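The next block holds one structure in the form of structure tokens; read it before the comments.
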There are 2 protein chains.
Amino acid sequence: MAKEIPYKIYLEESEIPTRWYNVRADMKNKPAPLLNPATGKPCTLEDLEPVFCRELAKQELNDTDAWIDIPKEIVDFYKMYRPAPLVRAYCLEKELDTPAHIYYKFEGNNTSGSHKLNSAIAQAYYAKEQGLKGVTTETGAGQWGTALSMACSYFDLDCQVYMVKVSYEQKPFRREVMRTYGAKVTPSPSMETEVGRKINAEFPGTTGSLGCAISEAVEAATKQEGYRYVLGSVLSQVLLHQTVIGLETKAALDKYDVVPDIIIGCAGGGSNLGGLISPFAGEMVRGEKNYQIIAVEPMSCPSLTRGSYVYDFCDTGKVCPLAKMYTLGSGYIPAPNHAGGLRYHGMSSIVSQLYDDGYLEARSVKQTDVFEAAQKFARIEGILPAPESSHAIKVAIDEALKCKETGEAKNIVFGLTGTGYFDMVAYQKFNDGVMEDYCPSDEEIQASLANCPKV
Amino acid sequence: MAKEIPYKIYLEESEIPTRWYNVRADMKNKPAPLLNPATGKPCTLEDLEPVFCRELAKQELNDTDAWIDIPKEIVDFYKMYRPAPLVRAYCLEKELDTPAHIYYKFEGNNTSGSHKLNSAIAQAYYAKEQGLKGVTTETGAGQWGTALSMACSYFDLDCQVYMVKVSYEQKPFRREVMRTYGAKVTPSPSMETEVGRKINAEFPGTTGSLGCAISEAVEAATKQEGYRYVLGSVLSQVLLHQTVIGLETKAALDKYDVVPDIIIGCAGGGSNLGGLISPFAGEMVRGEKNYQIIAVEPMSCPSLTRGSYVYDFCDTGKVCPLAKMYTLGSGYIPAPNHAGGLRYHGMSSIVSQLYDDGYLEARSVKQTDVFEAAQKFARIEGILPAPESSHAIKVAIDEALKCKETGEAKNIVFGLTGTGYFDMVAYQKFNDGVMEDYCPSDEEIQASLANCPKV
């Protein structure tokens, strides 16, 4: 007889992963290498070391080792908020009256409010281990900046966050959380970097952009002795750290002999999606099993569904290596009415290659539909989801309703990456009925793509 | 050999309590009965029924049954966010370099962000079971209003929240969470009730008070067919529901043969503290065991440490029954610079009687010390605590440092009632170094106490 499945499946502390899974090692078609923008040649360790921590640069380039040991210090930190629960959405199933079984991996039970902490603590650890004084980074909405602040505080590292000025002013609470954790938060563009001063002079009164904040953070890292730059998504090292999500998910499902039919994740830079699906995609690329994997992106930033698979700049400032990825062009910025996160112009090179090889499909969804799903989920399952995570909720509900039509009792698993406590301005727009949708025109996307480098 | 204690002790779903423990049944000196303010006689069920749900009124008056069955529907809801973890604060112990073992029961892992949900869902259930259309309540900072909104949404009940106007305007995010859960949130004083209109006419431009919001909520409940008024603390029924905290805590400790030496909780209205300590206090009043129990209150609202144990009004509007409790007088309002919550003028009658009988001690603490402890805890344990909960953290750290001096390996358990995500205005004051302390003068307290009713 099958074991009864509880509302929340918690693994034991001893079941927290002690190795990350590097799916690249098992992929027949490897993701294309990063290119040095100056030479056009594949990046070497020497190219990356001035900007990134040594060990992280090694991880970035490693596409041969399937398993990477997680240092004990990081596992110990994971113990403070992991294992994360895999939740059986009994209430949602009942409300939808679906024969489907719905599960979600909830990564929001920590003060950063999201999965970002999984990589932040790893990056902070390697910086500390290398004897660095501190790290710099950029943050938009502030999820990543918060996670990094927590991680740096734990390892007593200096943390300098360049926060897009408009967010710095409109999201004072996120800023205060970072300050409470001891981070120095600077509105970007600032007068503290050359690039910041230049942009301020050129565009007086500008409220900043993520691209500008990246450029300031990179400059700050390279100009200070003992500092490196760290990033919260997109990079393969970040996706690697996020595989704790997928490994725990798989272990929890295995414990109850549940085989997922559909696995769903939201996709911005791709690291949380990649982390969730890695163990499953690994089985697929090794030819062992088959799953339906769905990446969900916003209609207003549709890199997988409408972008091109080409080499592009990773940042607007064009200072980082070139990556081959599904992209909308590095100058693409979602319309101002877009409140739902997932606003990066490109996609993780690992996710991009898996998508190109047909191991996963992608869907884009309207943000009003996303917030409708978010509100429904909040009321039924009791968790107020982040807008980002709600993209996955939307498609999970769609798939569960399809099952209702067909009568299939599919197992649907999705990633609930975080909570929406700091996104109430967007929820307010939705509650007030003034939220809008945006769908870029083909011309807009083509014009942006025209600026990709010729490689 | 003793079992190794994990960072987080999670009970099984099957170990969620199915009965609440009513410590009054075991107390030799029962809490004094509520009095009908019109007659001066002990309240009967008939007195309470027009305002409170029938079953809740019964629970309020029940001081004979030690165990009350929790309806299955409530247990099912508990399964969405309970059992709550009992966390071993290994990192804090290491940082303090103390031989003490520190544990905390963390109630913040749900969207309401606090323990309030434990009672909100019970009160909503009984309202639904009675066939009511909805409930009314007041909220200050919004923690209780959020919890009640979630609970009402789950049972499809109308939820009307009167929110103190200054909080309504300064805490728009809390308001939006409630709206997202379908609650109607009205700034108080409003023009929708007689008492609200009267206060608005008398004090144009007033930003409201908790006392006024209570009066509006009670009026709204009694003037609408099918509505009742519900309350988030102070009442014995609320404390009863909160005993799930203590029961789970005791079960988790028992599992690892840990006997607490010191149990610490913050005390505002007293329901979370009472819920945490009930199973332990029960052993004490039955003469079976002995623990050191410490109630922690803000120096600016010191009902236990500086109040009188007399009958008083439960609300500023004087519409509710009289309760015998440690009180500062129903007109007492903490100074405006008080940001740390726990601002109720009185104390649960159960906690008051236990205190008067010497089963627990009380301490008052300065809010700058509380926020210093909060920040330390956030950085070390990774959880950003609510200001209320941080009162308990402060004293837990004090006691752990005493152990460091004496070399005693005491087991210290405290209640971490919630998270501080919506309290960043207060944290900002602390981060900016502009937070102040307040200690009321004896004259101020005596003047306020002079207005207690003569019973």
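Labels for the structure tokens follow display order: chains A, B, ..., residues from 1 in each chain, ligands from 1.
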(request) Select from range 182-255 of chain B everything DSSP, run on the backbone, classes as helix (DSSP H, G or I), then give the selection as a VMD selection string. (result) chain B and resid 194 to 202 210 to 223 236 to 241 243 to 255
(request) Do a neighbour search on range 54-67 of chain A at 8 Å with only C-alpha atoms, toss out local chain neighbours closer than 6 positions, and write the hits as an MDAnalysis selection string. (result) chainID A and resid 19:26 30 33 44:45 48 123 126 130 235:237
Selection above as a file: C-alpha atoms, as an mmCIF file, in the first residue's frame:
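Listing of part_38.cif after writing:
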data_model
loop_
_atom_site.group_PDB
_atom_site.id
_atom_site.type_symbol
_atom_site.label_atom_id
_atom_site.label_comp_id
_atom_site.auth_asym_id
_atom_site.auth_seq_id
_atom_site.Cartn_x
_atom_site.Cartn_y
_atom_site.Cartn_z
ATOM 1 C CA ARG A 19 27.270 17.555 -3.264
ATOM 2 C CA TRP A 20 25.960 19.792 -5.998
ATOM 3 C CA TYR A 21 25.050 18.127 -9.263
ATOM 4 C CA ASN A 22 26.682 19.560 -12.375
ATOM 5 C CA VAL A 23 24.385 18.534 -15.223
ATOM 6 C CA ARG A 24 26.832 19.869 -17.824
ATOM 7 C CA ALA A 25 29.013 16.832 -17.192
ATOM 8 C CA ASP A 26 26.242 14.551 -18.461
ATOM 9 C CA LYS A 30 27.650 21.073 -23.747
ATOM 10 C CA PRO A 33 31.810 28.378 -23.622
ATOM 11 C CA THR A 44 40.197 30.910 -19.256
ATOM 12 C CA LEU A 45 40.566 30.842 -15.493
ATOM 13 C CA LEU A 48 37.782 35.266 -14.927
ATOM 14 C CA GLN A 123 29.734 32.628 -2.992
ATOM 15 C CA TYR A 126 34.518 30.987 -1.315
ATOM 16 C CA GLN A 130 40.214 33.062 -0.546
ATOM 17 C CA LEU A 235 25.976 32.041 -14.358
ATOM 18 C CA SER A 236 26.526 28.287 -14.375
ATOM 19 C CA GLN A 237 28.109 28.432 -10.892
#
Give me the residues near range 216-218 of chain B as a PDB file with N, CA and C atoms, in the first residue's frame, where near means some atom within 7 Å (using only C-alpha atoms) and where sequence neighbours in that chain fewer than 2 positions away do not count.
ATOM      1  N   THR B 136     -15.696  40.873  12.607  1.00  0.00           N
ATOM      2  CA  THR B 136     -15.027  42.176  12.615  1.00  0.00           C
ATOM      3  C   THR B 136     -13.906  42.132  13.633  1.00  0.00           C
ATOM      4  N   THR B 137     -12.903  42.947  13.398  1.00  0.00           N
ATOM      5  CA  THR B 137     -11.827  43.052  14.381  1.00  0.00           C
ATOM      6  C   THR B 137     -11.099  44.369  14.201  1.00  0.00           C
ATOM      7  N   GLU B 138     -10.205  44.644  15.144  1.00  0.00           N
ATOM      8  CA  GLU B 138      -9.334  45.813  15.001  1.00  0.00           C
ATOM      9  C   GLU B 138      -7.921  45.304  14.793  1.00  0.00           C
ATOM     10  N   TYR B 162     -10.825  47.009  11.205  1.00  0.00           N
ATOM     11  CA  TYR B 162     -10.636  48.432  11.494  1.00  0.00           C
ATOM     12  C   TYR B 162      -9.185  48.625  11.893  1.00  0.00           C
ATOM     13  N   THR B 193     -19.133  54.101  11.391  1.00  0.00           N
ATOM     14  CA  THR B 193     -19.771  53.735  12.653  1.00  0.00           C
ATOM     15  C   THR B 193     -20.126  55.003  13.419  1.00  0.00           C
ATOM     16  N   VAL B 195     -19.549  55.551  16.596  1.00  0.00           N
ATOM     17  CA  VAL B 195     -18.440  55.964  17.446  1.00  0.00           C
ATOM     18  C   VAL B 195     -17.331  56.603  16.607  1.00  0.00           C
ATOM     19  N   GLY B 196     -17.137  56.105  15.397  1.00  0.00           N
ATOM     20  CA  GLY B 196     -16.125  56.681  14.518  1.00  0.00           C
ATOM     21  C   GLY B 196     -16.487  58.102  14.118  1.00  0.00           C
ATOM     22  N   CYS B 212     -10.045  53.053  20.012  1.00  0.00           N
ATOM     23  CA  CYS B 212     -11.104  53.523  19.129  1.00  0.00           C
ATOM     24  C   CYS B 212     -11.451  52.462  18.087  1.00  0.00           C
ATOM     25  N   ALA B 213     -10.431  51.803  17.547  1.00  0.00           N
ATOM     26  CA  ALA B 213     -10.656  50.771  16.529  1.00  0.00           C
ATOM     27  C   ALA B 213     -11.452  49.603  17.116  1.00  0.00           C
ATOM     28  N   ILE B 214     -11.151  49.241  18.369  1.00  0.00           N
ATOM     29  CA  ILE B 214     -11.917  48.178  19.027  1.00  0.00           C
ATOM     30  C   ILE B 214     -13.384  48.585  19.098  1.00  0.00           C
ATOM     31  N   ALA B 220     -19.608  47.526  14.789  1.00  0.00           N
ATOM     32  CA  ALA B 220     -19.891  46.946  13.470  1.00  0.00           C
ATOM     33  C   ALA B 220     -20.397  45.512  13.607  1.00  0.00           C
ATOM     34  N   ALA B 221     -19.850  44.771  14.561  1.00  0.00           N
ATOM     35  CA  ALA B 221     -20.273  43.375  14.747  1.00  0.00           C
ATOM     36  C   ALA B 221     -21.700  43.299  15.263  1.00  0.00           C
ATOM     37  N   THR B 222     -22.020  44.140  16.224  1.00  0.00           N
ATOM     38  CA  THR B 222     -23.334  44.032  16.850  1.00  0.00           C
ATOM     39  C   THR B 222     -24.427  44.654  15.981  1.00  0.00           C
ATOM     40  N   TYR B 229     -17.633  39.767  16.802  1.00  0.00           N
ATOM     41  CA  TYR B 229     -16.356  40.441  16.990  1.00  0.00           C
ATOM     42  C   TYR B 229     -15.316  39.415  17.442  1.00  0.00           C
TER      43      TYR B 229
END
(request) Return the single residue from B:Cys301, B:Val370, B:Ile5, B:Ala251 that is closest to chain A, with distances computed using only C-alpha atoms. (result) B:Ile5
(request) Could you please tell me, as a PyMOL selection string, which residues of chain B have an atom within 8 Å of chain A when using only C-alpha atoms? (result) chain B and resi 6-8+13+79-80+109-111+150+153-154+173+176-177+179-181+375+378-384+421-422+424-425+427-428+431
Selected residues, N, CA, C and O atoms, written as a compact mmCIF listing (two decimals), in the first residue's frame, please.
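Below you can see result.txt, which holds the result:
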# COMPACT_ATOMS: atom_id res chain seq x y z
N PRO B 6 19.43 17.96 16.03
CA PRO B 6 19.60 18.69 14.77
C PRO B 6 19.39 20.19 14.96
O PRO B 6 18.94 20.62 16.02
N TYR B 7 19.72 20.97 13.95
CA TYR B 7 19.49 22.42 14.02
C TYR B 7 18.00 22.70 14.21
O TYR B 7 17.62 23.61 14.92
N LYS B 8 17.17 21.95 13.52
CA LYS B 8 15.73 22.18 13.61
C LYS B 8 15.05 20.86 13.95
O LYS B 8 15.21 19.89 13.22
N GLU B 13 3.82 15.27 11.06
CA GLU B 13 2.48 15.85 10.90
C GLU B 13 1.51 15.21 11.90
O GLU B 13 0.62 15.88 12.43
N LYS B 79 -1.95 21.86 9.44
CA LYS B 79 -1.00 21.06 8.66
C LYS B 79 -0.31 21.86 7.56
O LYS B 79 0.75 21.48 7.08
N MET B 80 -0.92 22.99 7.16
CA MET B 80 -0.29 23.79 6.11
C MET B 80 0.95 24.52 6.63
O MET B 80 1.81 24.90 5.84
N ASN B 109 6.98 31.04 10.29
CA ASN B 109 6.98 30.43 8.96
C ASN B 109 5.59 30.31 8.35
O ASN B 109 5.18 29.25 7.89
N ASN B 110 4.86 31.40 8.36
CA ASN B 110 3.59 31.43 7.63
C ASN B 110 3.37 32.86 7.19
O ASN B 110 4.01 33.77 7.70
N THR B 111 2.48 33.06 6.23
CA THR B 111 2.39 34.38 5.60
C THR B 111 1.93 35.47 6.57
O THR B 111 2.29 36.63 6.41
N MET B 150 -6.33 35.83 6.46
CA MET B 150 -5.99 34.52 5.90
C MET B 150 -7.00 33.46 6.33
O MET B 150 -7.45 32.65 5.52
N SER B 153 -10.43 34.00 4.69
CA SER B 153 -10.36 33.64 3.27
C SER B 153 -10.48 32.12 3.12
O SER B 153 -11.19 31.62 2.24
N TYR B 154 -9.83 31.39 3.99
CA TYR B 154 -9.85 29.92 3.92
C TYR B 154 -11.25 29.37 4.14
O TYR B 154 -11.66 28.41 3.48
N PHE B 173 1.70 48.20 3.15
CA PHE B 173 1.97 46.84 2.69
C PHE B 173 1.16 45.83 3.51
O PHE B 173 0.62 44.86 2.97
N GLU B 176 -2.21 45.92 2.22
CA GLU B 176 -2.38 45.23 0.94
C GLU B 176 -2.38 43.71 1.10
O GLU B 176 -3.05 43.01 0.35
N VAL B 177 -1.62 43.20 2.05
CA VAL B 177 -1.68 41.75 2.30
C VAL B 177 -3.10 41.38 2.70
O VAL B 177 -3.69 40.43 2.19
N ARG B 179 -5.87 42.96 2.05
CA ARG B 179 -6.75 43.09 0.87
C ARG B 179 -6.56 41.92 -0.08
O ARG B 179 -7.52 41.43 -0.69
N THR B 180 -5.32 41.49 -0.24
CA THR B 180 -5.06 40.35 -1.12
C THR B 180 -5.81 39.11 -0.62
O THR B 180 -6.25 38.28 -1.42
N TYR B 181 -5.97 39.02 0.68
CA TYR B 181 -6.74 37.91 1.25
C TYR B 181 -8.23 38.23 1.32
O TYR B 181 -8.99 37.52 1.98
N GLN B 375 19.08 42.62 16.05
CA GLN B 375 20.04 42.69 14.95
C GLN B 375 21.10 41.60 15.08
O GLN B 375 21.45 40.94 14.10
N ALA B 378 19.48 38.36 14.06
CA ALA B 378 19.26 38.30 12.62
C ALA B 378 20.56 37.91 11.91
O ALA B 378 20.57 37.07 11.01
N ARG B 379 21.64 38.53 12.33
CA ARG B 379 22.92 38.27 11.66
C ARG B 379 23.46 36.88 11.93
O ARG B 379 24.10 36.28 11.08
N ILE B 380 23.19 36.38 13.14
CA ILE B 380 23.79 35.10 13.52
C ILE B 380 22.90 33.92 13.18
O ILE B 380 23.36 32.90 12.70
N GLU B 381 21.61 34.06 13.43
CA GLU B 381 20.70 32.93 13.23
C GLU B 381 19.94 33.03 11.90
O GLU B 381 19.17 32.13 11.55
N GLY B 382 20.13 34.15 11.18
CA GLY B 382 19.56 34.23 9.84
C GLY B 382 18.08 34.53 9.77
O GLY B 382 17.50 34.53 8.70
N ILE B 383 17.45 34.80 10.89
CA ILE B 383 16.03 35.15 10.89
C ILE B 383 15.87 36.57 11.39
O ILE B 383 16.36 36.91 12.47
N LEU B 384 15.19 37.42 10.61
CA LEU B 384 14.94 38.79 11.02
C LEU B 384 13.71 38.78 11.93
O LEU B 384 12.59 38.59 11.47
N TYR B 421 9.44 41.50 8.89
CA TYR B 421 9.48 42.06 7.54
C TYR B 421 8.66 43.34 7.39
O TYR B 421 8.93 44.14 6.51
N PHE B 422 7.63 43.50 8.20
CA PHE B 422 6.79 44.69 8.08
C PHE B 422 7.11 45.71 9.18
O PHE B 422 6.33 46.60 9.45
N MET B 424 10.15 47.39 9.24
CA MET B 424 11.43 47.96 8.83
C MET B 424 11.54 49.44 9.15
O MET B 424 12.64 49.99 9.21
N VAL B 425 10.42 50.12 9.39
CA VAL B 425 10.50 51.52 9.80
C VAL B 425 11.19 51.60 11.16
O VAL B 425 12.06 52.45 11.40
N TYR B 427 13.23 49.24 12.42
CA TYR B 427 14.63 48.85 12.21
C TYR B 427 15.43 50.02 11.63
O TYR B 427 16.59 50.22 11.98
N GLN B 428 14.81 50.76 10.72
CA GLN B 428 15.52 51.90 10.13
C GLN B 428 15.92 52.90 11.21
O GLN B 428 17.05 53.40 11.22
N ASN B 431 18.83 51.40 12.86
CA ASN B 431 20.02 51.45 11.99
C ASN B 431 20.59 52.86 11.89
O ASN B 431 21.79 53.05 11.76
For Gln242 in chain A, please output as a CSV table (one decimal) with N, CA and C atoms, in the first residue's frame all residues within 7 Å (counting only C-alpha atoms; exclusion window: fewer than 5 positions along the same chain).
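What landed in selection_15.csv:
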chain,number,residue,atom,x,y,z
A,118,ASN,N,20.7,30.1,-1.3
A,118,ASN,CA,21.5,28.9,-1.6
A,118,ASN,C,22.8,29.2,-2.3
A,119,SER,N,22.8,30.2,-3.2
A,119,SER,CA,24.1,30.5,-3.9
A,119,SER,C,24.8,31.6,-3.2
A,271,SER,N,18.6,30.3,-13.1
A,271,SER,CA,19.3,29.5,-12.1
A,271,SER,C,18.4,28.7,-11.2
A,272,ASN,N,17.3,29.3,-10.8
A,272,ASN,CA,16.4,28.5,-10.0
A,272,ASN,C,15.7,27.4,-10.8
A,275,GLY,N,18.3,24.8,-11.3
A,275,GLY,CA,18.6,24.0,-10.1
A,275,GLY,C,17.5,23.0,-9.8
(message) Considering only C-alpha atoms, can you say which of A:Leu328, A:Ala396, A:Ile199, A:Val413 comes closest to Pro260 in chain A?
(response) A:Val413
For Lys250 in chain A: contacts at 8 Å, only C-alpha atoms, fewer than 3 positions along chain excluded, given as a compact mmCIF listing (two decimals) with N, CA and C atoms, in the first residue's frame:
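Result saved to result_3.txt:
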# COMPACT_ATOMS: atom_id res chain seq x y z
N GLY A 246 16.66 20.94 -6.53
CA GLY A 246 16.22 19.77 -7.27
C GLY A 246 16.58 18.46 -6.58
N LEU A 247 17.78 18.44 -5.97
CA LEU A 247 18.21 17.21 -5.29
C LEU A 247 17.29 16.89 -4.11
N LEU A 253 10.45 13.16 -3.22
CA LEU A 253 9.52 12.40 -4.08
C LEU A 253 9.84 10.91 -4.03
N ASP A 254 11.13 10.59 -4.12
CA ASP A 254 11.56 9.18 -4.10
C ASP A 254 11.09 8.50 -2.82
N PRO A 279 18.56 17.46 -11.59
CA PRO A 279 18.63 15.99 -11.41
C PRO A 279 17.71 15.27 -12.38
N PHE A 280 16.59 15.88 -12.72
CA PHE A 280 15.64 15.26 -13.65
C PHE A 280 16.15 15.36 -15.08
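With CA of Trp144 in chain B on one side and CA of Ser233 in chain B on the other, the separation reads 8.8 Å.
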(request) as a PyMOL selection string, list the residues of range 169-352 of chain A assigned to strand (DSSP E) by DSSP on the backbone atoms of this structure. (result) chain A and resi 184-188+227-229+262-266+292-298+308-313+322-327
Write to file, as an mmCIF file, in the first residue's frame, the residues of the selection just made, with C-alpha atoms.
data_model
loop_
_atom_site.group_PDB
_atom_site.id
_atom_site.type_symbol
_atom_site.label_atom_id
_atom_site.label_comp_id
_atom_site.auth_asym_id
_atom_site.auth_seq_id
_atom_site.Cartn_x
_atom_site.Cartn_y
_atom_site.Cartn_z
ATOM 1 C CA LYS A 184 26.502 49.119 2.503
ATOM 2 C CA VAL A 185 23.705 49.939 0.072
ATOM 3 C CA THR A 186 24.395 52.622 -2.526
ATOM 4 C CA PRO A 187 21.783 54.004 -4.914
ATOM 5 C CA SER A 188 22.947 53.556 -8.504
ATOM 6 C CA TYR A 227 37.244 42.506 -3.455
ATOM 7 C CA ARG A 228 35.439 40.455 -6.090
ATOM 8 C CA TYR A 229 32.151 40.804 -7.910
ATOM 9 C CA ILE A 262 5.421 17.549 -15.194
ATOM 10 C CA ILE A 263 8.076 19.804 -13.615
ATOM 11 C CA ILE A 264 7.506 23.549 -13.771
ATOM 12 C CA GLY A 265 9.694 26.495 -12.861
ATOM 13 C CA CYS A 266 9.756 30.216 -13.498
ATOM 14 C CA GLN A 292 7.716 17.094 -19.258
ATOM 15 C CA ILE A 293 9.658 20.169 -18.106
ATOM 16 C CA ILE A 294 8.140 23.618 -18.531
ATOM 17 C CA ALA A 295 9.985 26.927 -18.160
ATOM 18 C CA VAL A 296 7.628 29.840 -17.550
ATOM 19 C CA GLU A 297 8.602 33.380 -18.425
ATOM 20 C CA PRO A 298 6.780 36.700 -18.494
ATOM 21 C CA SER A 308 17.423 34.107 -30.478
ATOM 22 C CA TYR A 309 20.044 31.531 -29.482
ATOM 23 C CA VAL A 310 23.189 33.548 -30.090
ATOM 24 C CA TYR A 311 26.218 34.973 -28.311
ATOM 25 C CA ASP A 312 25.351 38.140 -26.436
ATOM 26 C CA PHE A 313 26.615 40.474 -23.750
ATOM 27 C CA LEU A 322 29.976 36.906 -23.815
ATOM 28 C CA ALA A 323 27.599 33.984 -23.383
ATOM 29 C CA LYS A 324 25.675 31.967 -25.922
ATOM 30 C CA MET A 325 22.115 31.998 -24.730
ATOM 31 C CA TYR A 326 18.539 32.623 -25.664
ATOM 32 C CA THR A 327 18.450 36.396 -25.547
#
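Shortest atom-to-atom contact with Met347 in chain A among A:Thr305, A:Ser215, A:Ser114, A:Thr98: A:Thr305, counting only C-alpha atoms.
Atom pair CA of Lys165 in chain A / CA of Met178 in chain A has a distance of 15.0 Å (rounded to one decimal).
Compared by their closest atoms to Glu95 in chain B, and using only C-alpha atoms, the residues B:Ile16, B:Pro453, B:Ala400, B:Gly433 rank with B:Ala400 nearest.
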List the neighbours of Glu225 in chain B out to 12 Å using only C-alpha atoms; skip same-chain residues closer than 5 positions along the sequence, and give me the result as a PDB file with N, CA, C and O atoms, in the first residue's frame.
ATOM      1  N   PRO B  50     -23.834  37.807  22.400  1.00  0.00           N
ATOM      2  CA  PRO B  50     -24.115  38.822  21.365  1.00  0.00           C
ATOM      3  C   PRO B  50     -22.856  39.353  20.686  1.00  0.00           C
ATOM      4  O   PRO B  50     -22.913  39.845  19.563  1.00  0.00           O
ATOM      5  N   VAL B  51     -21.722  39.252  21.379  1.00  0.00           N
ATOM      6  CA  VAL B  51     -20.476  39.804  20.828  1.00  0.00           C
ATOM      7  C   VAL B  51     -19.577  38.711  20.259  1.00  0.00           C
ATOM      8  O   VAL B  51     -19.001  38.863  19.185  1.00  0.00           O
ATOM      9  N   GLY B 131     -22.580  29.375  11.355  1.00  0.00           N
ATOM     10  CA  GLY B 131     -23.383  29.897  10.246  1.00  0.00           C
ATOM     11  C   GLY B 131     -23.323  31.401  10.092  1.00  0.00           C
ATOM     12  O   GLY B 131     -24.182  32.014   9.459  1.00  0.00           O
ATOM     13  N   LEU B 132     -22.284  32.018  10.655  1.00  0.00           N
ATOM     14  CA  LEU B 132     -22.180  33.475  10.546  1.00  0.00           C
ATOM     15  C   LEU B 132     -21.730  33.885   9.146  1.00  0.00           C
ATOM     16  O   LEU B 132     -21.166  33.081   8.399  1.00  0.00           O
ATOM     17  N   LYS B 133     -21.983  35.150   8.834  1.00  0.00           N
ATOM     18  CA  LYS B 133     -21.533  35.677   7.537  1.00  0.00           C
ATOM     19  C   LYS B 133     -20.096  36.178   7.621  1.00  0.00           C
ATOM     20  O   LYS B 133     -19.336  36.091   6.663  1.00  0.00           O
ATOM     21  N   GLY B 134     -19.763  36.750   8.782  1.00  0.00           N
ATOM     22  CA  GLY B 134     -18.428  37.313   8.863  1.00  0.00           C
ATOM     23  C   GLY B 134     -18.064  37.749  10.265  1.00  0.00           C
ATOM     24  O   GLY B 134     -18.840  37.580  11.211  1.00  0.00           O
ATOM     25  N   VAL B 135     -16.870  38.298  10.389  1.00  0.00           N
ATOM     26  CA  VAL B 135     -16.376  38.776  11.674  1.00  0.00           C
ATOM     27  C   VAL B 135     -15.752  40.157  11.499  1.00  0.00           C
ATOM     28  O   VAL B 135     -15.376  40.549  10.394  1.00  0.00           O
ATOM     29  N   GLU B 219     -18.926  47.726  17.508  1.00  0.00           N
ATOM     30  CA  GLU B 219     -20.185  48.306  17.006  1.00  0.00           C
ATOM     31  C   GLU B 219     -20.572  47.672  15.670  1.00  0.00           C
ATOM     32  O   GLU B 219     -21.731  47.300  15.452  1.00  0.00           O
ATOM     33  N   ALA B 220     -19.608  47.526  14.789  1.00  0.00           N
ATOM     34  CA  ALA B 220     -19.891  46.946  13.470  1.00  0.00           C
ATOM     35  C   ALA B 220     -20.397  45.512  13.607  1.00  0.00           C
ATOM     36  O   ALA B 220     -21.288  45.078  12.866  1.00  0.00           O
TER      37      ALA B 220
END
(request) Between B:Val351, B:Cys43, B:Ala450, B:Ala84, single out the one closest to Leu240 in chain B, counting only C-alpha atoms. (result) B:Val351
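Nearest-residue note for Gly140 in chain B: choosing from B:Met163, B:Leu276, B:Ile412, B:Cys53, the minimum distance belongs to B:Met163, counting only C-alpha atoms.
Residues in contact with Gly40 in chain B at up to 8 Å, not including ones fewer than 4 positions away on its chain and judged by only C-alpha atoms, are Leu35, Asn36 and Val455 of chain B.
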Let me see the file: selected residues, N, CA, C and O atoms, as a short mmCIF file (atom, residue, chain, number, x, y, z; two decimals), in the first residue's frame.
data_model
loop_
_atom_site.label_atom_id
_atom_site.label_comp_id
_atom_site.auth_asym_id
_atom_site.auth_seq_id
_atom_site.Cartn_x
_atom_site.Cartn_y
_atom_site.Cartn_z
N LEU B 35 -16.27 40.17 34.47
CA LEU B 35 -17.48 40.77 35.05
C LEU B 35 -18.25 41.54 33.99
O LEU B 35 -17.67 42.20 33.13
N ASN B 36 -19.57 41.44 34.09
CA ASN B 36 -20.44 42.26 33.25
C ASN B 36 -20.38 43.69 33.76
O ASN B 36 -20.70 43.94 34.93
N VAL B 455 -14.47 47.98 41.77
CA VAL B 455 -15.26 46.73 41.82
C VAL B 455 -15.17 46.12 43.21
O VAL B 455 -14.07 46.00 43.73
#
